[in-house]
file query-v6.txt (compact mmCIF, C-alpha atoms)
# COMPACT_ATOMS: atom_id res chain seq x y z
CA MET A 17 -35.36 -30.11 -30.19
CA THR A 18 -34.14 -26.53 -30.70
CA ALA A 19 -30.54 -26.17 -31.85
CA VAL A 20 -28.40 -23.99 -29.62
CA ARG A 21 -28.02 -21.37 -32.33
CA ASP A 22 -31.78 -21.14 -32.83
CA LEU A 23 -32.43 -20.27 -29.20
CA THR A 24 -33.65 -16.76 -28.52
CA TRP A 25 -32.47 -14.84 -25.52
CA ARG A 26 -34.05 -12.31 -23.19
CA ILE A 27 -33.58 -10.83 -19.72
CA ALA A 28 -34.98 -13.19 -17.08
CA PRO A 29 -38.53 -12.36 -15.95
CA GLY A 30 -38.56 -10.10 -12.92
CA GLN A 31 -34.94 -9.18 -13.40
CA ARG A 32 -33.88 -5.56 -13.16
CA LEU A 33 -30.30 -4.85 -14.06
CA VAL A 34 -28.48 -1.83 -12.67
CA PHE A 35 -25.31 -0.69 -14.39
CA GLU A 36 -22.58 1.64 -13.21
CA ASP A 37 -19.83 2.62 -15.62
CA MET A 38 -16.30 2.50 -14.24
CA ASP A 39 -13.10 3.63 -15.92
CA ASP A 40 -12.10 0.04 -16.63
CA GLY A 41 -15.35 -1.87 -17.02
CA VAL A 42 -18.98 -1.91 -16.10
CA LEU A 43 -20.42 -2.98 -12.77
CA LEU A 44 -23.70 -4.84 -12.84
CA TYR A 45 -26.03 -5.22 -9.89
CA ASP A 46 -28.37 -8.19 -10.18
CA SER A 47 -31.36 -6.95 -8.22
CA LEU A 48 -33.04 -10.35 -8.10
CA VAL A 49 -30.37 -11.97 -6.00
CA GLY A 50 -28.32 -8.99 -4.85
CA ARG A 51 -25.07 -9.93 -6.54
CA THR A 52 -22.53 -7.60 -8.10
CA HIS A 53 -20.57 -8.48 -11.26
CA LEU A 54 -17.75 -6.75 -13.08
CA LEU A 55 -18.30 -6.92 -16.83
CA ASN A 56 -16.14 -6.14 -19.81
CA ALA A 57 -17.57 -4.07 -22.63
CA THR A 58 -18.79 -7.07 -24.62
CA ALA A 59 -20.70 -8.55 -21.72
CA ALA A 60 -22.24 -5.21 -20.74
CA GLU A 61 -23.25 -4.47 -24.32
CA THR A 62 -24.80 -7.92 -24.67
CA LEU A 63 -27.15 -7.22 -21.78
CA THR A 64 -27.92 -3.74 -23.04
CA VAL A 65 -28.78 -5.15 -26.47
CA LEU A 66 -31.14 -7.69 -24.93
CA GLU A 67 -32.81 -5.09 -22.73
CA ARG A 68 -33.66 -3.14 -25.89
CA ASN A 69 -34.28 -6.11 -28.20
CA PRO A 70 -35.50 -9.19 -26.34
CA GLY A 71 -35.74 -12.44 -28.22
CA LEU A 72 -32.55 -12.29 -30.33
CA THR A 73 -30.54 -15.31 -31.39
CA SER A 74 -26.87 -15.53 -30.49
CA ASP A 75 -25.88 -14.59 -34.00
CA ALA A 76 -28.11 -11.51 -33.97
CA ILE A 77 -26.74 -10.54 -30.58
CA ARG A 78 -23.23 -10.85 -31.98
CA ARG A 79 -24.08 -8.49 -34.84
CA HIS A 80 -25.72 -5.93 -32.54
CA VAL A 81 -22.85 -6.00 -30.07
CA THR A 82 -20.08 -5.63 -32.63
CA GLU A 83 -21.99 -2.80 -34.29
CA ALA A 84 -22.45 -1.00 -30.96
CA LEU A 85 -18.78 -1.43 -30.11
CA ASP A 86 -17.73 -0.44 -33.61
CA LEU A 87 -15.93 -3.73 -34.24
CA PRO A 88 -15.81 -5.97 -37.31
CA VAL A 89 -18.21 -8.83 -36.72
CA ASP A 90 -15.46 -11.44 -36.88
CA ALA A 91 -13.65 -9.75 -34.01
CA LEU A 92 -16.17 -11.46 -31.75
CA PRO A 93 -16.37 -15.23 -32.31
CA LEU A 94 -19.86 -16.66 -32.11
CA SER A 95 -18.59 -19.30 -29.70
CA ALA A 96 -17.54 -16.53 -27.30
CA VAL A 97 -21.01 -14.99 -27.46
CA GLU A 98 -22.59 -18.37 -26.78
CA GLU A 99 -20.29 -18.97 -23.85
CA LEU A 100 -21.20 -15.58 -22.46
CA LEU A 101 -24.93 -16.19 -22.89
CA ASP A 102 -24.59 -19.54 -21.21
CA TRP A 103 -22.80 -17.89 -18.29
CA PHE A 104 -25.53 -15.28 -17.92
CA GLU A 105 -28.16 -18.04 -18.04
CA ARG A 106 -26.44 -19.94 -15.25
CA LEU A 107 -26.46 -16.75 -13.19
CA GLY A 108 -30.20 -16.32 -13.75
CA ILE A 109 -29.74 -13.06 -15.61
CA LEU A 110 -30.87 -14.36 -19.02
CA VAL A 111 -33.26 -17.03 -20.17
CA ALA A 112 -33.30 -18.88 -23.48
CA ARG A 113 -36.31 -20.17 -25.38
CA MET B 211 -22.79 17.93 30.64
CA ASN B 212 -19.77 15.80 29.85
CA LEU B 213 -18.79 12.61 31.56
CA ALA B 214 -15.78 14.33 33.10
CA ASP B 215 -18.17 16.68 34.91
CA LEU B 216 -19.49 13.79 36.96
CA PRO B 217 -17.30 12.70 39.87
CA ALA B 218 -16.14 9.11 39.78
CA HIS B 219 -18.50 7.95 42.51
CA ALA B 220 -21.46 9.48 40.62
CA VAL B 221 -20.45 7.71 37.41
CA HIS B 222 -20.32 4.42 39.24
CA ARG B 223 -23.63 5.07 40.98
CA ARG B 224 -25.34 5.90 37.71
CA LEU B 225 -23.85 2.91 35.91
CA ALA B 226 -24.93 0.65 38.74
CA GLY B 227 -28.41 2.14 38.81
CA GLU B 228 -30.54 3.59 36.03
CA GLY B 229 -27.65 3.58 33.57
CA LEU B 230 -25.37 6.14 32.02
CA LEU B 231 -26.47 7.45 28.66
CA LEU B 232 -23.54 8.54 26.50
CA HIS B 233 -23.90 10.43 23.26
CA ILE B 234 -21.50 8.82 20.82
CA PRO B 235 -22.81 10.35 17.62
CA PRO B 236 -24.57 9.21 15.57
CA ILE B 237 -26.04 7.12 18.39
CA ALA B 238 -26.78 7.25 22.10
CA VAL B 239 -25.69 4.29 24.19
CA ARG B 240 -27.10 3.44 27.61
CA ILE B 241 -24.55 1.55 29.66
CA ARG B 242 -25.19 -0.22 32.93
CA SER B 243 -22.66 -2.03 35.06
CA PRO B 244 -22.06 -2.56 38.76
CA MET B 245 -18.30 -2.89 38.28
CA ARG B 246 -16.38 -0.03 39.86
CA ALA B 247 -13.12 -0.59 37.96
CA PHE B 248 -15.02 -0.50 34.69
CA ALA B 249 -16.69 2.76 35.72
CA GLU B 250 -13.29 4.35 36.25
CA GLN B 251 -12.00 3.16 32.89
CA LEU B 252 -15.10 4.36 31.10
CA ARG B 253 -14.91 7.78 32.75
CA THR B 254 -11.27 8.09 31.73
CA MET B 255 -11.70 7.10 28.09
CA TYR B 256 -15.00 8.90 27.45
CA SER B 257 -14.41 11.99 29.61
CA ALA B 258 -15.19 14.50 26.84
CA TYR B 259 -18.45 12.86 25.73
CA GLU B 260 -21.86 14.33 26.47
CA ILE B 261 -24.15 12.52 28.81
CA ALA B 262 -27.92 12.69 28.84
CA GLU B 263 -30.63 12.18 31.42
CA ALA B 264 -31.66 8.60 32.04
CA GLY B 265 -35.03 8.89 30.30
CA THR B 266 -33.50 9.89 26.96
CA PHE B 267 -33.92 7.46 24.07
CA ALA B 268 -31.01 5.09 23.66
CA ASP B 269 -30.22 3.48 20.31
CA ILE B 270 -28.33 0.74 22.10
CA ASP B 271 -28.83 -0.50 25.64
CA VAL B 272 -25.95 -2.55 27.00
CA ARG B 273 -24.90 -4.03 30.29
CA ILE B 274 -21.50 -5.21 31.39
CA ILE B 275 -22.10 -7.53 34.31
CA PRO B 276 -19.92 -9.85 36.32
CA LYS B 277 -20.36 -13.56 35.75
CA ARG B 278 -19.70 -15.81 38.67
CA SER B 279 -17.47 -18.78 38.15
CA LYS B 280 -15.98 -21.05 40.80
CA ARG B 281 -13.32 -22.59 38.58
CA LEU B 282 -12.40 -19.86 36.15
CA ARG B 283 -11.03 -16.40 36.75
CA PRO B 284 -13.74 -13.76 37.24
CA LEU B 285 -15.58 -12.99 34.03
CA ALA B 286 -17.72 -10.20 32.59
CA CYS B 287 -20.62 -10.56 30.17
CA PHE B 288 -21.77 -8.16 27.50
CA ILE B 289 -25.55 -8.01 27.32
CA VAL B 290 -27.54 -6.08 24.75
CA ASP B 291 -31.30 -5.85 25.11
CA GLY B 292 -31.20 -8.72 27.54
CA VAL B 293 -29.25 -11.06 25.27
CA SER B 294 -25.60 -12.09 25.62
CA PRO B 295 -24.44 -12.56 22.03
CA PHE B 296 -20.94 -13.84 22.73
CA ASP B 297 -18.71 -15.49 25.28
CA PRO B 298 -17.70 -13.58 28.40
CA PHE B 299 -14.35 -11.85 28.75
CA PRO B 300 -12.08 -11.83 31.80
CA ARG B 301 -13.61 -9.33 34.19
CA ASP B 302 -10.64 -6.99 34.04
CA HIS B 303 -11.17 -6.72 30.26
CA ALA B 304 -14.53 -5.02 30.65
CA LEU B 305 -13.56 -1.95 28.63
CA PRO B 306 -12.42 -3.90 25.54
CA LEU B 307 -15.58 -5.98 25.96
CA LEU B 308 -17.71 -2.83 25.80
CA GLU B 309 -15.82 -1.57 22.75
CA TRP B 310 -16.09 -4.88 20.95
CA GLY B 311 -19.74 -5.27 21.88
CA VAL B 312 -20.78 -1.78 20.79
CA ASN B 313 -18.95 -2.30 17.49
CA TRP B 314 -20.81 -5.54 16.99
CA VAL B 315 -24.22 -4.06 17.74
CA PHE B 316 -23.54 -1.01 15.57
CA ALA B 317 -22.57 -3.24 12.62
CA GLN B 318 -25.65 -5.41 13.17
CA ARG B 319 -28.19 -2.63 13.37
CA MET B 320 -27.28 0.69 11.81
CA HIS B 321 -28.43 -0.16 8.33
CA GLN B 322 -29.68 3.34 7.61
CA TYR B 323 -25.98 3.91 6.78
CA LEU B 324 -23.53 2.15 4.53
CA LEU B 325 -21.00 0.84 7.03
CA LEU B 326 -17.53 0.47 5.60
CA HIS B 327 -14.84 -1.26 7.60
CA ALA B 328 -12.60 1.78 7.60
CA ALA B 329 -10.89 4.34 9.73
CA VAL B 330 -11.78 7.93 8.84
CA VAL B 331 -9.92 11.18 9.42
CA GLU B 332 -10.54 14.69 8.15
CA ARG B 333 -8.69 17.96 7.76
CA ASP B 334 -9.74 21.23 6.18
CA GLY B 335 -13.05 19.69 5.14
CA ALA B 336 -11.41 16.77 3.31
CA ALA B 337 -12.21 13.37 4.75
CA VAL B 338 -10.02 10.37 4.02
CA LEU B 339 -11.35 6.83 4.19
CA LEU B 340 -8.77 4.27 5.31
CA PRO B 341 -10.50 0.96 4.61
CA ALA B 342 -8.78 -2.24 5.64
CA TRP B 343 -9.17 -5.56 7.31
CA PRO B 344 -7.70 -6.05 10.80
CA GLY B 345 -3.93 -6.05 10.88
CA SER B 346 -3.45 -3.61 8.05
CA GLY B 347 -2.63 -0.72 10.35
CA LYS B 348 -5.71 1.43 9.89
CA SER B 349 -6.31 2.10 13.60
CA THR B 350 -2.70 3.03 14.22
CA LEU B 351 -2.52 5.23 11.15
CA ALA B 352 -5.76 7.00 12.04
CA ALA B 353 -4.69 7.43 15.66
CA SER B 354 -1.35 8.87 14.59
CA LEU B 355 -3.01 11.31 12.21
CA ALA B 356 -5.37 12.35 15.02
CA CYS B 357 -2.30 13.16 17.11
CA ARG B 358 -1.04 15.46 14.34
CA GLY B 359 -4.07 17.69 13.99
CA TRP B 360 -6.40 15.64 11.85
CA ARG B 361 -9.97 15.24 13.03
CA TYR B 362 -10.59 11.67 14.07
CA LEU B 363 -13.93 10.26 12.98
CA SER B 364 -13.42 6.55 13.59
CA ASP B 365 -10.87 3.77 13.59
CA GLU B 366 -13.41 1.12 12.62
CA PHE B 367 -16.46 2.45 10.78
CA GLY B 368 -16.85 4.58 7.70
CA VAL B 369 -20.44 5.62 8.35
CA VAL B 370 -21.57 6.77 4.92
CA VAL B 371 -24.92 8.45 4.33
CA PRO B 372 -26.36 6.48 1.38
CA SER B 373 -26.28 8.11 -2.04
CA THR B 374 -23.89 10.81 -0.83
CA LEU B 375 -20.19 11.33 -0.19
CA SER B 376 -20.98 12.33 3.36
CA VAL B 377 -19.38 10.37 6.18
CA LEU B 378 -20.46 10.66 9.80
CA PRO B 379 -18.14 10.50 12.77
CA PHE B 380 -18.46 7.62 15.18
CA PRO B 381 -15.51 8.59 17.35
CA ARG B 382 -14.56 5.91 19.81
CA PRO B 383 -11.24 5.13 21.44
CA ALA B 384 -8.79 3.79 18.87
CA ALA B 385 -7.91 0.18 19.60
CA LEU B 386 -4.14 -0.20 19.43
CA LYS B 387 -2.86 -3.74 19.32
CA ASN B 388 0.42 -5.35 20.26
CA GLU B 389 3.44 -3.52 18.76
CA SER B 390 1.23 -0.57 17.80
CA ILE B 391 0.92 0.42 21.45
CA ASP B 392 4.63 1.16 21.83
CA VAL B 393 4.75 2.63 18.33
CA MET B 394 2.10 5.15 19.29
CA ARG B 395 3.66 5.86 22.68
CA SER B 396 6.88 6.89 20.99
CA PHE B 397 5.17 8.61 18.06
CA ALA B 398 2.90 10.73 20.26
CA PRO B 399 4.25 10.78 23.83
CA ASP B 400 1.59 13.28 24.91
CA ALA B 401 -1.36 11.25 23.64
CA PHE B 402 -3.47 9.60 26.30
CA ILE B 403 -3.33 5.83 25.99
CA GLY B 404 -5.26 3.79 28.52
CA PRO B 405 -4.20 0.60 30.28
CA ILE B 406 -2.92 -2.38 28.36
CA PHE B 407 -5.24 -5.37 28.33
CA PRO B 408 -3.04 -8.41 27.70
CA LYS B 409 -4.07 -11.70 26.14
CA THR B 410 -7.27 -10.57 24.50
CA ARG B 411 -8.40 -12.42 21.37
CA LYS B 412 -6.37 -9.91 19.39
CA GLY B 413 -3.34 -9.95 21.67
CA SER B 414 -2.55 -6.96 23.85
CA VAL B 415 -4.92 -4.04 23.39
CA ALA B 416 -4.79 -0.46 24.62
CA HIS B 417 -7.01 2.44 23.66
CA LEU B 418 -6.04 5.88 22.51
CA ARG B 419 -8.48 8.40 23.93
CA VAL B 420 -10.17 10.42 21.21
CA PRO B 421 -8.74 13.95 21.19
CA SER B 422 -11.27 16.40 22.66
CA PRO B 423 -11.59 18.56 19.51
CA SER B 424 -12.73 15.48 17.59
CA VAL B 425 -15.30 14.65 20.26
CA ARG B 426 -16.61 18.21 20.20
CA ARG B 427 -17.18 17.93 16.44
CA ALA B 428 -18.70 14.47 16.63
CA ARG B 429 -21.95 15.66 15.06
CA ASP B 430 -20.28 17.27 12.05
CA PRO B 431 -20.28 15.13 8.90
CA ALA B 432 -17.40 15.35 6.46
CA ARG B 433 -17.09 14.89 2.72
CA ILE B 434 -15.07 11.98 1.42
CA THR B 435 -12.27 13.24 -0.81
CA ALA B 436 -9.90 10.27 -0.85
CA VAL B 437 -9.78 6.55 -0.25
CA PHE B 438 -6.41 5.21 0.87
CA PHE B 439 -6.18 1.50 1.61
CA PRO B 440 -3.42 1.29 4.24
CA ASP B 441 -1.03 -1.62 3.94
CA PHE B 442 1.49 -1.68 6.75
CA GLN B 443 4.49 -3.87 6.04
CA ALA B 444 7.29 -3.68 8.60
CA GLY B 445 10.37 -2.14 7.04
CA ALA B 446 8.71 -1.42 3.70
CA PRO B 447 9.49 1.86 1.96
CA VAL B 448 6.45 4.00 1.37
CA SER B 449 4.76 3.44 -1.97
CA VAL B 450 1.49 4.43 -3.57
CA ARG B 451 -0.46 2.35 -6.06
CA PRO B 452 -3.46 3.88 -7.80
CA LEU B 453 -6.44 1.58 -8.13
CA SER B 454 -8.81 1.36 -11.04
CA GLN B 455 -12.37 2.29 -10.19
CA SER B 456 -13.62 -1.27 -10.45
CA THR B 457 -10.85 -2.64 -8.25
CA ALA B 458 -11.51 0.06 -5.68
CA PHE B 459 -15.21 -0.72 -5.87
CA LEU B 460 -14.69 -4.41 -5.23
CA LYS B 461 -12.30 -3.74 -2.35
CA LEU B 462 -14.66 -1.25 -0.72
CA ALA B 463 -17.79 -3.30 -1.23
CA HIS B 464 -16.08 -6.44 -0.01
CA ASN B 465 -15.14 -4.87 3.27
CA ALA B 466 -18.48 -3.19 3.97
CA PHE B 467 -20.36 -4.58 6.94
CA ASN B 468 -23.77 -4.29 5.30
CA TYR B 469 -23.29 -4.16 1.53
CA GLU B 470 -25.56 -7.13 0.93
CA MET B 471 -28.14 -5.86 3.38
CA LEU B 472 -28.44 -2.50 1.63
CA GLY B 473 -28.34 -4.02 -1.84
CA GLU B 474 -28.76 -1.55 -4.68
CA THR B 475 -28.39 1.42 -2.35
CA ALA B 476 -24.94 0.21 -1.32
CA PHE B 477 -24.03 -0.59 -4.94
CA ARG B 478 -24.84 2.93 -6.05
CA THR B 479 -23.20 4.56 -3.04
CA VAL B 480 -19.90 2.69 -3.42
CA ALA B 481 -19.92 3.39 -7.17
CA ALA B 482 -20.42 7.09 -6.49
CA ILE B 483 -17.48 7.15 -4.07
CA VAL B 484 -14.97 5.42 -6.36
CA ARG B 485 -16.00 7.55 -9.32
CA ALA B 486 -15.73 10.77 -7.35
CA VAL B 487 -12.43 10.42 -5.51
CA PRO B 488 -8.99 8.92 -6.12
CA CYS B 489 -8.48 5.49 -4.58
CA ARG B 490 -5.01 4.22 -3.76
CA ILE B 491 -3.12 1.63 -1.78
CA ILE B 492 -0.52 3.15 0.50
CA ARG B 493 2.11 0.70 1.62
CA TYR B 494 4.33 1.93 4.42
CA GLY B 495 6.73 0.71 7.03
CA ASP B 496 6.68 3.62 9.41
CA LEU B 497 4.21 6.28 10.39
CA GLU B 498 6.33 9.33 9.59
CA ALA B 499 6.76 8.19 5.99
CA ALA B 500 3.06 7.45 5.69
CA HIS B 501 2.18 10.91 7.03
CA LEU B 502 4.53 12.60 4.61
CA GLN B 503 3.05 10.67 1.70
CA ILE B 504 -0.51 11.49 2.73
CA GLU B 505 0.40 15.17 3.07
CA ILE B 506 1.78 15.13 -0.48
CA LEU B 507 -1.23 13.34 -1.90
CA MET B 508 -3.74 15.59 -0.16
CA LYS B 509 -2.21 18.63 -1.82
CA GLU B 510 -3.35 17.34 -5.20
CA PRO B 511 -6.37 19.20 -6.55
CA ALA B 512 -8.32 15.93 -6.88
CA HIS B 513 -8.52 15.72 -3.09
CA ALA B 514 -9.89 19.17 -2.52
CA PRO B 515 -13.31 19.25 -0.87
CA ALA B 516 -16.11 20.39 -3.17
call {"tool": "encode", "arguments": {"input": "query-v6.txt", "output": "C-alpha cells"}}
result
Amino acid sequence: MTAVRDLTWRIAPGQRLVFEDMDDGVLLYDSLVGRTHLLNATAAETLTVLERNPGLTSDAIRRHVTEALDLPVDALPLSAVEELLDWFERLGILVAR
Amino acid sequence: MNLADLPAHAVHRRLAGEGLLLHIPPIAVRIRSPMRAFAEQLRTMYSAYEIAEAGTFADIDVRIIPKRSKRLRPLACFIVDGVSPFDPFPRDHALPLLEWGVNWVFAQRMHQYLLLHAAVVERDGAAVLLPAWPGSGKSTLAASLACRGWRYLSDEFGVVVPSTLSVLPFPRPAALKNESIDVMRSFAPDAFIGPIFPKTRKGSVAHLRVPSPSVRRARDPARITAVFFPDFQAGAPVSVRPLSQSTAFLKLAHNAFNYEMLGETAFRTVAAIVRAVPCRIIRYGDLEAAHLQIEILMKEPAHAPA
C-alpha cells in the first residue's frame, strides 16, 4: 500500500483549468464540470505547479509552491498541502497515484 | 411604423388575427390575443415601439388567451410556441402576464448573450449595471434614473455580448411593485405609469412606460463602465462599499440567468467586467440620495467610457 506522502499528483485526465487573476485571489473554472472556485495564492500555485510538473509528491509540491511564492518552506506546513491536494482530489481536479 | 400609429381597433384586430409583431430589440416578439382590454394596455405601454409586417421572423411567438372557468374568476393563459409553461393569471392581469412570460422566455432562450439579472442605464456613453435580486430596488432606481435623463436599457436584464463590455438594451416597461408605485409617482409626477394590478404574485404591480428617447435608441449598445449593486433599505443613509474583484465576480455570476449554460464564456466575460470597471454596493433609503451618490461616483475618471 502506498503511503500518503509517496503518492504522486497530477491534473485529472481530460481536465482543462482556466484561471483568471483577480485583485484578491484567483478564480478557477473547472471546465470538466463547469464549476467556478475562488483560490488563494497557495492553491492557485499548487495547480500551476502540477500543470507544469505532473507527478510530484506532496513534499515536492510544497517546495515548488513556496519557491514560486518566495516563502520559506516552513511557512507552508506539509499537512496544509496534503489537505489542499485532498480537497482538489475530491473535486475531481487532481488525481493521485 | 410605431404601435401608436395604429388606431386601437386596428391593434386589436391584428392581435386577434395574424398577430402583432413588435420589435423589442434585440428580439422581435409576435403577440396574439383576442382580448380587447389587453390590446388597449399593450398599445398604451408599447406605443413608441416599431411594429413589423406579419410575415417577419419572430424570435418569440406568444399568445395571451382567455381560459374559461365556471368556478373561478376569468383567467388568461400565456402560451409560447403552443405550450403554456405556467399557471394562468386573472384575466385582467394580462399585461403583467405578458411581461412575466416574455422575461421567462428571454431568460430561457437567449443564450447567445450573457444574461445578468440587472437593471441597466446609460448616460454620455457610460452604462451602469445595477444587478440585484428582486426586492433590492433595482427597477425603481433604474426607472427613476430614466426619468432624470438617463437612457433606460432594462430593469431586468443586463444583456452582455460575450467577451466584451458591451451591453444591449432590452427596454421594456419597468415593473414597479407595491410602495415603489407611489414613490415613483411622487418622484416623477410627469412619468407615465400604467394601471395598478393588485394581488399579483409580487403584490401590486404597475408599469412605468419606457421614455421614448430610450425606445428610439433601443438598437444602440452601450459600454459597461460601472457595476453598482443597489441595496434599498428604508430610512438608511446613503453609503457606498467597494467590492473586491472576486466578491463582485461571485455576486455577478451568481445572479446571471445563464452562467452555467454559457460555461467558460460566461466565466471569462464576468471576469473581464469586474477587472475593467469599479464594482460597489450602494445602500440607500431614498432615491434623491441615491441619485446624488451615483452622480458623484460617475464623475470619477474610472467610470469614463473608453
call {"tool": "closest_atom_pairs", "arguments": {"input": "query-v6.txt", "of": "chain B", "to": "chain A", "cutoff": "6 Å", "atoms": "only C-alpha atoms", "output": "tab-separated table"}}
result
residue	atom	partner	partner_atom	distance
B:Gln455	CA	A:Met38	CA	5.6
B:Ser456	CA	A:Met38	CA	6.0
B:Gly473	CA	A:Gly50	CA	5.8
call {"tool": "atom_distance", "arguments": {"input": "query-v6.txt", "atom1": "CA of His303 in chain B", "atom2": "CA of Ala384 in chain B"}}
result
15.7 Å
call {"tool": "residues_around", "arguments": {"input": "query-v6.txt", "residues": "Glu228 in chain B", "least_positions_apart": "5", "cutoff": "12 Å", "atoms": "only C-alpha atoms", "output": "number ranges by chain"}}
result
B: 220-223, 240-244, 262-266, 271-273
call {"tool": "atom_distance", "arguments": {"input": "query-v6.txt", "atom1": "CA of Asp86 in chain A", "atom2": "CA of Ala481 in chain B"}}
result
26.8 Å
call {"tool": "residues_near_point", "arguments": {"input": "query-v6.txt", "point": "(-25.4, -20.0, -29.6)", "cutoff": "12 Å", "atoms": "all atoms listed in the file", "output": "JSON, numbers by chain"}}
result
{"A": [18, 19, 20, 21, 22, 23, 24, 25, 72, 73, 74, 75, 76, 77, 78, 93, 94, 95, 96, 97, 98, 99, 100, 101, 102, 103, 112, 113]}
call {"tool": "write_last_selection", "arguments": {"input": "query-v6.txt", "atoms": "C-alpha atoms", "output": "mmCIF file, in the coordinates of the input"}}
result
data_model
loop_
_atom_site.group_PDB
_atom_site.id
_atom_site.type_symbol
_atom_site.label_atom_id
_atom_site.label_comp_id
_atom_site.auth_asym_id
_atom_site.auth_seq_id
_atom_site.Cartn_x
_atom_site.Cartn_y
_atom_site.Cartn_z
ATOM 1 C CA THR A 18 -34.140 -26.530 -30.700
ATOM 2 C CA ALA A 19 -30.540 -26.170 -31.850
ATOM 3 C CA VAL A 20 -28.400 -23.990 -29.620
ATOM 4 C CA ARG A 21 -28.020 -21.370 -32.330
ATOM 5 C CA ASP A 22 -31.780 -21.140 -32.830
ATOM 6 C CA LEU A 23 -32.430 -20.270 -29.200
ATOM 7 C CA THR A 24 -33.650 -16.760 -28.520
ATOM 8 C CA TRP A 25 -32.470 -14.840 -25.520
ATOM 9 C CA LEU A 72 -32.550 -12.290 -30.330
ATOM 10 C CA THR A 73 -30.540 -15.310 -31.390
ATOM 11 C CA SER A 74 -26.870 -15.530 -30.490
ATOM 12 C CA ASP A 75 -25.880 -14.590 -34.000
ATOM 13 C CA ALA A 76 -28.110 -11.510 -33.970
ATOM 14 C CA ILE A 77 -26.740 -10.540 -30.580
ATOM 15 C CA ARG A 78 -23.230 -10.850 -31.980
ATOM 16 C CA PRO A 93 -16.370 -15.230 -32.310
ATOM 17 C CA LEU A 94 -19.860 -16.660 -32.110
ATOM 18 C CA SER A 95 -18.590 -19.300 -29.700
ATOM 19 C CA ALA A 96 -17.540 -16.530 -27.300
ATOM 20 C CA VAL A 97 -21.010 -14.990 -27.460
ATOM 21 C CA GLU A 98 -22.590 -18.370 -26.780
ATOM 22 C CA GLU A 99 -20.290 -18.970 -23.850
ATOM 23 C CA LEU A 100 -21.200 -15.580 -22.460
ATOM 24 C CA LEU A 101 -24.930 -16.190 -22.890
ATOM 25 C CA ASP A 102 -24.590 -19.540 -21.210
ATOM 26 C CA TRP A 103 -22.800 -17.890 -18.290
ATOM 27 C CA ALA A 112 -33.300 -18.880 -23.480
ATOM 28 C CA ARG A 113 -36.310 -20.170 -25.380
#
call {"tool": "residues_around", "arguments": {"input": "query-v6.txt", "residues": "range 281-288 of chain B", "least_positions_apart": "3", "cutoff": "6 Å", "atoms": "all atoms listed in the file", "output": "list in words"}}
result
Arg273, Ile274, Ile275, Pro276, Lys277, Ser294, Pro298, Phe299, Pro300 and Arg301 of chain B
call {"tool": "atom_distance", "arguments": {"input": "query-v6.txt", "atom1": "CA of Thr64 in chain A", "atom2": "CA of Val81 in chain A"}}
result
9.0 Å
call {"tool": "closest_residue", "arguments": {"input": "query-v6.txt", "among": "B:Pro515, B:Pro405, B:Pro383, B:Pro440", "to": "Leu497 in chain B", "atoms": "all atoms listed in the file"}}
result
B:Pro440
call {"tool": "residues_around", "arguments": {"input": "query-v6.txt", "residues": "Ile27 in chain A", "least_positions_apart": "5", "cutoff": "9 Å", "atoms": "all atoms listed in the file", "output": "list in words"}}
result
Arg32, Leu33, Leu63, Leu66, Glu67, Pro70, Gly71, Gly108, Ile109, Leu110, Val111 and Ala112 of chain A
call {"tool": "write_last_selection", "arguments": {"input": "query-v6.txt", "atoms": "C-alpha atoms", "output": "PDB file, in the frame of the given file"}}
result
ATOM      1  CA  ARG A  32     -33.880  -5.560 -13.160  1.00  0.00           C
ATOM      2  CA  LEU A  33     -30.300  -4.850 -14.060  1.00  0.00           C
ATOM      3  CA  LEU A  63     -27.150  -7.220 -21.780  1.00  0.00           C
ATOM      4  CA  LEU A  66     -31.140  -7.690 -24.930  1.00  0.00           C
ATOM      5  CA  GLU A  67     -32.810  -5.090 -22.730  1.00  0.00           C
ATOM      6  CA  PRO A  70     -35.500  -9.190 -26.340  1.00  0.00           C
ATOM      7  CA  GLY A  71     -35.740 -12.440 -28.220  1.00  0.00           C
ATOM      8  CA  GLY A 108     -30.200 -16.320 -13.750  1.00  0.00           C
ATOM      9  CA  ILE A 109     -29.740 -13.060 -15.610  1.00  0.00           C
ATOM     10  CA  LEU A 110     -30.870 -14.360 -19.020  1.00  0.00           C
ATOM     11  CA  VAL A 111     -33.260 -17.030 -20.170  1.00  0.00           C
ATOM     12  CA  ALA A 112     -33.300 -18.880 -23.480  1.00  0.00           C
TER      13      ALA A 112
END
call {"tool": "residues_around", "arguments": {"input": "query-v6.txt", "residues": "His80 in chain A", "least_positions_apart": "5", "cutoff": "9 Å", "atoms": "only C-alpha atoms", "output": "list in words"}}
result
Glu61, Thr62, Val65, Asp75 and Leu85 of chain A
call {"tool": "residues_around", "arguments": {"input": "query-v6.txt", "residues": "Ala268 in chain B", "least_positions_apart": "4", "cutoff": "8 Å", "atoms": "only C-alpha atoms", "output": "PyMOL selection string"}}
result
chain B and resi 231+237-240
